Amino acid sequence: MPGFWKRLFRPKKGDDIFCAAVVPAAGSASRMEGQDKILAPMGEWPVLLHTLKALEASAYIREIVVVTREDQIVPVSQLCRDCALGKVSKVVVGGPDRTHSVLNGVREVSSRAGLIAIHDGARPLVTAEIIDEAILQASACGAAAPAVPVKETVKLASGGRVEHTPDRSALFVVQTPQVFDADLIRGALGKAAEEGAALTDDCSAVERLGIPVTLTRGSYENIKITTPVDLAIGEAILNWRDAR
Ligand code: CTP
Ligand code: MG
C-alpha cells in the first residue's frame, strides 16, 4: 500500500460502517438486440428491482442512489416508490459513459457515507454475503471487489490471430459491488473522467493511481445481464435457488 494512502486511510469497525450504494443503470443496453435490460422482467420482478432489494437487505448499506437514463427517470422513480424501497434516497440522470454515470451518483451521496459501494443495476442476482464481504474488506483496506476465477482459457488476440495465452490460474472475472473509501473513489473517478480514461469498472480508476484493490469472494451466480440469453440464465438461477 503506498505510504500516503496508508496515512490517509483509517479502518473502521463493523458498527461504524455507513456505506452508500450507487447503482449505475443509465446504459443503452446496446448488446441486448433492442431490448431494455434494466426494466426487463426476470421472474416476478424487473431486473432493477431484484438489484435494489438485494442492496436494501444489507445492514451496512444505509442509502442508495440510483442513476438512470433521462427517459427512465419517471418509471424508475415510480418503481422505487411503489415497491417501498426505503433506502433509495435519490434517482439521478446518468452520463454518456459508465464513469460519468457513476460520478453523477457518487456526487449525490450524503457526506455521512465513509464507504461507497458501486453496483451495476444490471447485476440482479447478487447476494447479501457477496455485498457484506466486499464492504467489510473495503472498510479494512479501502478498496475491495468480488471476483471469481476464470473457468475457460483466455486468448489475447489481434485481427483474429492469437498473440498470447495468459496463465489461467492468475485470471479472475471481477464483479460488483465494488466498494471504496468515499473520498478515494470520488477523487479517482474525478481524475479518470478529467483525463478521459475509458474504464469498464470502478476498480480501474483506483488501480491507475497505484492504490491496491483486494479481491473478495464473488459467485458464478452474480451475472451481469448483457445479452438476451442472460435473462433466461437469470430466470434459471432464480428457479434453481427456489428449488434448493
Ligand atoms: N451504465 C450507466 N451509464 C452508462 C453506461 C452504463 O449507468 N452510460 C450502467 C448500465 O446501465 C449497467 C452497468 O453500467 O447497469 C454496466 O454496464 P453494461 O453492462 O455495459 O450496460 P450497458 O452499457 O447498458 O450495455 P452495453 O455496453 O451493451 O451498451
Ligand atoms: Mg456498456
# chains A, B, ... in the order shown; residues from 1 in each chain; ligands from 1
$ residues_near_ligand --ligand "ligand 1" --cutoff "7 Å" --atoms "only C-alpha atoms and all ligand atoms" --output "list in words"
Pro24, Ala25, Ala26, Gly27, Ser28, Ala29, Ser30, Arg31, Met32, Ile38, Val67, Thr68, Gly94, Gly95, Pro96, Asp97, Arg98, His100, Ser101, Val102, Asp120, Gly121, Ala122, Arg123, Lys224, Ile225 and Thr226 of chain A
$ residues_around --residues "range 175-182 of chain A" --least-positions-apart "4" --cutoff "7 Å" --atoms "only C-alpha atoms" --output "CSV table (one decimal) with C-alpha atoms, in the first residue's frame"
chain,number,residue,atom,x,y,z
A,113,ALA,CA,-21.0,7.9,4.0
A,114,GLY,CA,-17.5,6.7,4.7
A,115,LEU,CA,-17.8,3.9,2.1
A,116,ILE,CA,-19.4,3.8,-1.3
A,117,ALA,CA,-20.5,0.5,-2.9
A,118,ILE,CA,-20.9,0.8,-6.7
A,119,HIS,CA,-23.1,-1.9,-8.0
A,120,ASP,CA,-24.4,-2.4,-11.6
A,131,ILE,CA,-22.2,-7.5,-0.6
A,134,ALA,CA,-16.8,-6.6,0.0
A,135,ILE,CA,-18.0,-3.9,2.3
A,138,ALA,CA,-13.1,-2.3,1.9
A,142,GLY,CA,-10.0,1.0,1.4
A,143,ALA,CA,-10.9,-0.8,-1.9
A,144,ALA,CA,-12.4,-4.2,-2.5
A,145,ALA,CA,-14.4,-6.1,-5.1
A,146,PRO,CA,-15.8,-9.6,-5.5
A,147,ALA,CA,-14.3,-11.9,-8.2
A,186,ARG,CA,-14.6,10.5,-5.6
A,202,ASP,CA,-14.5,1.4,-10.9
A,203,CYS,CA,-11.5,-0.5,-9.5
A,218,GLY,CA,-17.8,-13.5,-5.8
$ closest_residue --among "A:Ala21, A:Leu171, A:Thr153, A:Ala205" --to "Gly187 in chain A" --atoms "only C-alpha atoms"
A:Ala205
$ closest_residue --among "A:Leu238, A:Lys37, A:Leu125, A:Leu209" --to "ligand 2" --atoms "only C-alpha atoms and all ligand atoms"
A:Lys37
$ select_by_dssp --residues "range 36-145 of chain A" --states "helix (DSSP H, G or I)" --output "PyMOL selection string"
chain A and resi 47-56+70-82+98-106+128-141
